Each structure stands twice: as C-alpha cells, then as structure tokens.
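Q: Contents of model.pdb (PDB, C-alpha atoms and all ligand atoms) are given next:
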```
MODEL        1
ATOM      1  CA  MET A 192       0.000   0.000   0.000
ATOM      2  CA  ILE A 193       1.431   3.347  -1.062
ATOM      3  CA  THR A 194      -0.106   6.393   0.603
ATOM      4  CA  ILE A 195       0.471  10.056  -0.170
ATOM      5  CA  VAL A 196       0.227  12.378   2.824
ATOM      6  CA  VAL A 197      -0.336  16.038   1.967
ATOM      7  CA  ALA A 198      -1.731  19.236   3.443
ATOM      8  CA  MET A 199      -3.183  21.578   0.848
ATOM      9  CA  GLY A 200      -5.152  24.777   0.634
ATOM     10  CA  LEU A 201      -8.368  25.333  -1.300
ATOM     11  CA  ASN A 202      -6.387  25.886  -4.532
ATOM     12  CA  ASN A 203      -4.178  22.793  -3.982
ATOM     13  CA  GLU A 204      -1.370  25.027  -2.695
ATOM     14  CA  ILE A 205       1.198  23.119  -0.621
ATOM     15  CA  GLY A 206       4.276  25.323  -0.292
ATOM     16  CA  ALA A 207       5.839  28.748  -0.626
ATOM     17  CA  ASP A 208       9.573  29.542  -0.531
ATOM     18  CA  ASN A 209      10.306  25.892   0.367
ATOM     19  CA  GLN A 210       8.129  26.062   3.494
ATOM     20  CA  MET A 211       4.599  24.984   4.416
ATOM     21  CA  PRO A 212       2.402  28.113   4.230
ATOM     22  CA  TRP A 213       0.584  27.557   7.587
ATOM     23  CA  HIS A 214       1.122  26.477  11.167
ATOM     24  CA  LEU A 215      -1.229  23.685  12.257
ATOM     25  CA  PRO A 216       0.103  21.634  15.209
ATOM     26  CA  LYS A 217      -2.931  19.298  15.011
ATOM     27  CA  ASP A 218      -1.956  18.442  11.458
ATOM     28  CA  LEU A 219       1.666  17.795  12.454
ATOM     29  CA  LYS A 220       0.410  15.411  15.170
ATOM     30  CA  HIS A 221      -1.851  13.670  12.628
ATOM     31  CA  PHE A 222       1.085  13.369  10.212
ATOM     32  CA  LYS A 223       3.247  11.844  12.953
ATOM     33  CA  GLU A 224       0.535   9.319  13.904
ATOM     34  CA  ILE A 225       0.023   8.219  10.299
ATOM     35  CA  THR A 226       3.686   7.888   9.306
ATOM     36  CA  SER A 227       5.525   6.783  12.471
ATOM     37  CA  GLU A 228       7.253   3.388  12.246
ATOM     38  CA  HIS A 229       6.875   3.340   8.437
ATOM     39  CA  PRO A 230       9.224   4.347   5.610
ATOM     40  CA  ILE A 231       8.689   7.853   4.272
ATOM     41  CA  ILE A 232       9.748   9.002   0.795
ATOM     42  CA  MET A 233      10.440  12.650  -0.026
ATOM     43  CA  GLY A 234      12.216  14.886  -2.526
ATOM     44  CA  ARG A 235      15.523  16.544  -1.642
ATOM     45  CA  LYS A 236      13.891  19.999  -1.367
ATOM     46  CA  THR A 237      11.308  18.757   1.126
ATOM     47  CA  TYR A 238      14.063  17.091   3.157
ATOM     48  CA  GLU A 239      15.996  20.360   3.218
ATOM     49  CA  SER A 240      12.910  22.295   4.272
ATOM     50  CA  ILE A 241      12.401  19.872   7.203
ATOM     51  CA  GLY A 242      16.117  20.126   7.938
ATOM     52  CA  LYS A 243      16.669  16.803   9.711
ATOM     53  CA  PRO A 244      15.561  13.164   9.533
ATOM     54  CA  LEU A 245      12.127  12.589  11.054
ATOM     55  CA  PRO A 246      12.479  10.199  14.017
ATOM     56  CA  ASN A 247      11.067   6.641  14.176
ATOM     57  CA  ARG A 248      10.746   6.424  10.397
ATOM     58  CA  THR A 249      13.147   5.364   7.636
ATOM     59  CA  ASN A 250      13.710   8.610   5.732
ATOM     60  CA  ILE A 251      14.220   7.942   2.001
ATOM     61  CA  VAL A 252      15.248  11.052   0.077
ATOM     62  CA  ILE A 253      15.265  11.264  -3.733
ATOM     63  CA  SER A 254      17.991  13.322  -5.398
ATOM     64  CA  ARG A 255      19.994  13.343  -8.630
ATOM     65  CA  ARG A 256      23.035  14.704  -6.776
ATOM     66  CA  LYS A 257      25.926  12.285  -6.776
ATOM     67  CA  ASP A 258      28.047  14.012  -4.119
ATOM     68  CA  TRP A 259      25.435  14.497  -1.402
ATOM     69  CA  PHE A 260      25.546  12.713   1.937
ATOM     70  CA  GLU A 261      23.554  13.264   5.121
ATOM     71  CA  GLU A 262      23.594  11.309   8.364
ATOM     72  CA  GLY A 263      20.407   9.370   9.145
ATOM     73  CA  ILE A 264      18.756   9.233   5.723
ATOM     74  CA  LEU A 265      18.805   6.893   2.753
ATOM     75  CA  ILE A 266      19.525   8.811  -0.478
ATOM     76  CA  VAL A 267      18.310   7.279  -3.746
ATOM     77  CA  GLY A 268      18.522   8.425  -7.361
ATOM     78  CA  SER A 269      14.985   7.764  -8.587
ATOM     79  CA  VAL A 270      11.352   7.343  -7.568
ATOM     80  CA  LYS A 271      11.499   3.692  -8.612
ATOM     81  CA  GLU A 272      14.485   3.017  -6.357
ATOM     82  CA  ALA A 273      12.803   4.832  -3.449
ATOM     83  CA  VAL A 274       9.662   2.694  -3.722
ATOM     84  CA  LYS A 275      11.718  -0.498  -4.118
ATOM     85  CA  PHE A 276      13.716   0.196  -0.926
ATOM     86  CA  ALA A 277      10.661   1.291   1.035
ATOM     87  CA  LYS A 278       8.690  -1.846   0.100
ATOM     88  CA  LYS A 279      11.556  -4.013   1.367
ATOM     89  CA  ILE A 280      11.218  -2.349   4.774
ATOM     90  CA  ASP A 281       7.432  -2.314   5.159
ATOM     91  CA  GLU A 282       4.285  -2.990   3.138
ATOM     92  CA  ASN A 283       2.936   0.448   4.125
ATOM     93  CA  VAL A 284       4.907   3.177   2.377
ATOM     94  CA  PHE A 285       4.257   6.905   2.735
ATOM     95  CA  ILE A 286       5.111   9.616   0.208
ATOM     96  CA  ILE A 287       5.374  12.973   1.937
ATOM     97  CA  GLY A 288       6.198  15.423  -0.867
ATOM     98  CA  GLY A 289       6.888  17.823  -2.233
ATOM     99  CA  GLY A 290       5.107  18.949  -5.380
ATOM    100  CA  ASN A 291       7.589  17.456  -7.801
ATOM    101  CA  ILE A 292       7.540  14.053  -6.106
ATOM    102  CA  TYR A 293       3.737  14.057  -5.699
ATOM    103  CA  GLU A 294       3.380  14.647  -9.458
ATOM    104  CA  GLN A 295       5.585  11.667 -10.246
ATOM    105  CA  THR A 296       4.026   9.289  -7.703
ATOM    106  CA  LEU A 297       0.289  10.004  -7.797
ATOM    107  CA  GLU A 298      -0.178   7.334 -10.470
ATOM    108  CA  LEU A 299       1.554   4.731  -8.241
ATOM    109  CA  THR A 300      -0.478   5.597  -5.154
ATOM    110  CA  ASP A 301      -3.352   3.619  -3.594
ATOM    111  CA  ARG A 302      -4.516   6.087  -0.963
ATOM    112  CA  LEU A 303      -4.369   9.837  -0.233
ATOM    113  CA  GLU A 304      -4.383  11.236   3.300
ATOM    114  CA  VAL A 305      -5.199  14.886   2.665
ATOM    115  CA  THR A 306      -5.435  17.719   5.125
ATOM    116  CA  LEU A 307      -7.612  20.283   3.380
ATOM    117  CA  VAL A 308      -6.752  23.651   4.910
ATOM    118  CA  LYS A 309      -9.675  26.042   4.460
ATOM    119  CA  THR A 310      -7.724  28.993   3.135
ATOM    120  CA  GLU A 311      -6.295  30.412  -0.093
ATOM    121  CA  LEU A 312      -2.661  31.475   0.220
ATOM    122  CA  LYS A 313       0.146  32.698  -2.013
ATOM    123  CA  ALA A 314       2.154  29.641  -3.028
ATOM    124  CA  ASP A 315       4.703  28.415  -5.550
ATOM    125  CA  THR A 316       4.095  24.662  -5.199
ATOM    126  CA  PHE A 317       0.831  22.802  -5.767
ATOM    127  CA  PHE A 318      -0.664  19.303  -5.494
ATOM    128  CA  PRO A 319      -2.081  17.840  -8.743
ATOM    129  CA  LYS A 320      -5.859  17.854  -9.201
ATOM    130  CA  ILE A 321      -7.600  14.987  -7.382
ATOM    131  CA  SER A 322      -9.848  13.643 -10.118
ATOM    132  CA  PRO A 323     -13.207  12.268  -8.901
ATOM    133  CA  LYS A 324     -13.009   9.824 -11.821
ATOM    134  CA  ILE A 325     -10.023   8.177 -10.128
ATOM    135  CA  TRP A 326     -10.436   8.927  -6.409
ATOM    136  CA  ASP A 327     -13.270   8.249  -3.947
ATOM    137  CA  LYS A 328     -13.412  10.299  -0.756
ATOM    138  CA  THR A 329     -14.015   7.629   1.912
ATOM    139  CA  ASN A 330     -13.589   9.625   5.128
ATOM    140  CA  GLU A 331     -13.631  13.220   6.331
ATOM    141  CA  ILE A 332     -13.173  14.674   9.813
ATOM    142  CA  CYS A 333     -13.212  18.462  10.165
ATOM    143  CA  HIS A 334     -11.780  20.733  12.868
ATOM    144  CA  GLU A 335     -12.350  24.399  13.551
ATOM    145  CA  LYS A 336      -9.485  26.818  14.010
ATOM    146  CA  ASP A 337      -8.425  27.522  17.592
ATOM    147  CA  GLU A 338      -5.755  29.479  19.464
ATOM    148  CA  HIS A 339      -3.003  27.123  18.191
ATOM    149  CA  ASN A 340      -4.334  26.180  14.716
ATOM    150  CA  GLU A 341      -4.814  29.206  12.507
ATOM    151  CA  PHE A 342      -7.316  27.835   9.956
ATOM    152  CA  ASP A 343     -10.287  25.448   9.805
ATOM    153  CA  PHE A 344      -9.204  22.165   8.234
ATOM    154  CA  CYS A 345     -10.457  18.669   7.364
ATOM    155  CA  PHE A 346      -8.649  15.333   7.410
ATOM    156  CA  GLN A 347      -9.782  13.493   4.273
ATOM    157  CA  THR A 348      -9.020   9.997   3.013
ATOM    158  CA  TYR A 349      -9.262   9.139  -0.680
ATOM    159  CA  GLU A 350      -9.065   5.612  -2.078
ATOM    160  CA  ARG A 351      -8.253   4.779  -5.677
ATOM    161  CA  LYS A 352     -11.475   3.576  -7.390
ATOM    162  CA  VAL A 353      -9.778   1.044  -9.619
ATOM    163  CA  LYS A 354      -7.072  -0.739  -7.671
ATOM    164  CA  LEU A 355      -3.532  -0.863  -9.053
ATOM    165  CA  THR A 356      -2.316  -4.299  -9.999
TER     166      THR A 356
HETATM  167  N1  LIG A 401       1.882  20.829   2.295
HETATM  168  C1  LIG A 401       2.494  19.647   2.306
HETATM  169  O1  LIG A 401       1.921  18.625   2.699
HETATM  170  C2  LIG A 401       3.904  19.568   1.839
HETATM  171  C3  LIG A 401       4.617  18.380   1.955
HETATM  172  C4  LIG A 401       5.933  18.334   1.486
HETATM  173  C5  LIG A 401       6.502  19.467   0.933
HETATM  174  N2  LIG A 401       5.789  20.593   0.849
HETATM  175  C6  LIG A 401       6.340  21.801   0.235
HETATM  176  O2  LIG A 401       6.701  21.491  -1.123
HETATM  177  C7  LIG A 401       7.796  22.327  -1.503
HETATM  178  C8  LIG A 401       8.921  21.429  -2.051
HETATM  179  O3  LIG A 401       8.444  20.746  -3.196
HETATM  180  P1  LIG A 401       9.245  20.778  -4.593
HETATM  181  O4  LIG A 401       8.354  20.282  -5.667
HETATM  182  O5  LIG A 401       9.872  22.125  -4.752
HETATM  183  O6  LIG A 401      10.472  19.779  -4.318
HETATM  184  P2  LIG A 401      10.526  18.235  -3.850
HETATM  185  O7  LIG A 401       9.526  17.445  -4.620
HETATM  186  O8  LIG A 401      10.509  18.154  -2.371
HETATM  187  O9  LIG A 401      12.024  17.859  -4.290
HETATM  188  C9  LIG A 401      12.415  18.016  -5.619
HETATM  189  C10 LIG A 401      13.812  17.417  -5.753
HETATM  190  O10 LIG A 401      13.716  15.985  -5.674
HETATM  191  C11 LIG A 401      14.668  15.413  -6.541
HETATM  192  N3  LIG A 401      13.965  14.663  -7.589
HETATM  193  C12 LIG A 401      12.709  14.852  -8.051
HETATM  194  N4  LIG A 401      12.391  13.935  -8.973
HETATM  195  C13 LIG A 401      13.467  13.131  -9.105
HETATM  196  C14 LIG A 401      13.748  11.986  -9.892
HETATM  197  N5  LIG A 401      12.823  11.475 -10.743
HETATM  198  N6  LIG A 401      14.959  11.400  -9.794
HETATM  199  C15 LIG A 401      15.895  11.883  -8.939
HETATM  200  N7  LIG A 401      15.676  12.982  -8.132
HETATM  201  C16 LIG A 401      14.478  13.592  -8.229
HETATM  202  C17 LIG A 401      15.498  16.540  -7.121
HETATM  203  O11 LIG A 401      16.535  16.759  -6.181
HETATM  204  P3  LIG A 401      18.005  17.302  -6.601
HETATM  205  O12 LIG A 401      17.777  18.716  -7.031
HETATM  206  O13 LIG A 401      18.820  17.147  -5.348
HETATM  207  O14 LIG A 401      18.479  16.393  -7.717
HETATM  208  C18 LIG A 401      14.502  17.700  -7.083
HETATM  209  O15 LIG A 401      15.123  18.963  -7.100
HETATM  210  C19 LIG A 401       8.190  23.099  -0.250
HETATM  211  O16 LIG A 401       7.552  24.378  -0.290
HETATM  212  C20 LIG A 401       7.631  22.281   0.879
HETATM  213  O17 LIG A 401       7.386  23.041   2.053
HETATM  214  C21 LIG A 401       4.506  20.683   1.295
ENDMDL
END
```
Represent the supplied structure as structure tokens.
A:
Amino acid sequence: MITIVVAMGLNNEIGADNQMPWHLPKDLKHFKEITSEHPIIMGRKTYESIGKPLPNRTNIVISRRKDWFEEGILIVGSVKEAVKFAKKIDENVFIIGGGNIYEQTLELTDRLEVTLVKTELKADTFFPKISPKIWDKTNEICHEKDEHNEFDFCFQTYERKVKLT
C-alpha cells in the first residue's frame, strides 16, 4: 500500500519559498501518527525544508546529486528506487512530498491522506488535481481553528477507485 500524505489549501497550494504556508500543530500530530514506524519518501527539497531526519521512520530522500551525503537518511537516485527500498522495509509506504515528487508518484499511489486547509494562500508549489473519476473520498473529519491552529481544516481519506495491480 502506497499512501500520499499532503496538506493543501483550497487551490491545492502546498508550499511557498520551500516552506509549508501555515502552522497547524494538530496536522503535524496527525502526520506523525500516520507515518511513524513506516518508511517515508520525499524529494531533496522537502528534506531540506524539514532540515533533519524525522524520528522513528526510515527517511528515504530522492535526489539526482551524486556528491550528497547526510547522516540518518537513505539517499536514492529515482522514484522507482525509493519505492523499491521502502517496500523491502514495510508494506505500508508513505510519500510525503513535495510537489515534484507528488506529481511523479500520484499514479503509483493507492490512498491519499489529505489535510484540506480552508484557506487560499500565495504559493509556488501545488498538489495535482484529485480527479473524482479516479479517487473516492471515503472519510472526512473536520476541525475548527483555535488558538493554536490558525485555519479550519479537514482530514480526508481518498481511495483509488480502480485498484492498481
Ligand atoms: N503541504 C504539504 O503537505 C507539503 C509536503 C511536502 C513538501 N511541501 C512543500 O513542497 C515544496 C517542495 O516541493 P518541490 O516540488 O519544490 O520539491 P521536492 O519534490 O521536495 O524535491 C524536488 C527534488 O527531488 C529530486 N527529484 C525529483 N524527482 C526526481 C527523480 N525522478 N529522480 C531523482 N531525483 C528527483 C530533485 O533533487 P536534486 O535537485 O537534489 O536532484 C529535485 O530537485 C516546499 O515548499 C515544501 O514546504 C509541502
């Protein structure tokens, strides 16, 4: 099972200046609960925006750089290699961004765990359109903004209608 985890605004915006454009601790907790103890796959830019390996998960980072080394992560040269390594570790694999990697992996993905943030923000990175022809929304839990979480948001699960073989 390959799952994409993403937080996006109402226009599919996911990032600006290599950062997430909002601060939602409840979403970070949700992300941690979903991905802990499983391999996570990300692009080099997302890794650099996080700045360190995420604990209790095998961090697999995709890059074309040949001379790059970082303690605590597995660096691979392609999406295919990333998925191959991750599947050897665990049957549940999580793809955590960013835009470039989401675009290349959406077609390989069985499930989407989306946090829909109820705002429209200036962004330079976007998630591809979630086509209702391909994806079924199977769950949605919404939360209102509070003193720590600056926007209303919904946790949504989408399942691929026609399973991948
Ligand atoms: N809202 C969310 O849920 C969420 C989640 C994650 C990230 N983000 C945001 O997304 C933005 C980053 O996304 P991005 O699209 O700019 O970058 P990205 O997808 O994180 O990383 C792109 C990099 O990955 C490597 N790469 C991509 N495809 C490859 C391939 N086929 N083979 C080998 N290497 C490959 C390249 O690294 P090299 O240049 O090293 O070769 C490329 O520059 C940031 O703003 C971040 O905050 C948001």
Q: Using only C-alpha atoms, find the one residue out of A:Ile225, A:Ala277, A:Cys345, A:Leu307 that sits nearest to A:Asn250.
A: A:Ala277
Q: Identify, counting all atoms listed in the file, the protein, DNA and RNA residues located within 9 Å of ligand LIG 401 (chain A), and give them as a ChimeraX atom specification.
A: /A:196-200,203-213,233-241,252-257,259,267-271,286-295,305-306,314-318
Q: Near A:Asp281, counting all atoms listed in the file, which residues have an atom at most 7 Å away, once you skip same-chain residues fewer than 3 positions from it, shown as a PyMOL selection string?
A: chain A and resi 229-230+277-278+284
Q: Taking the file as shown, what set of residues would the PyMOL selection byres (((chain A and resi 332) around 9) and not hetatm) give back, as a list of chain:residue names?
A: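 Written out, the selection comes to A:Asn330, A:Glu331, A:Cys333, A:His334, A:Phe344, A:Cys345, A:Phe346, A:Gln347.
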Q: Output the residue selection produced by the PyMOL selection byres (((chain A and resi 324) around 10) and not hetatm) on the file above, formatted as a ChimeraX atom specification.
A: /A:321-323,325-327,351-353
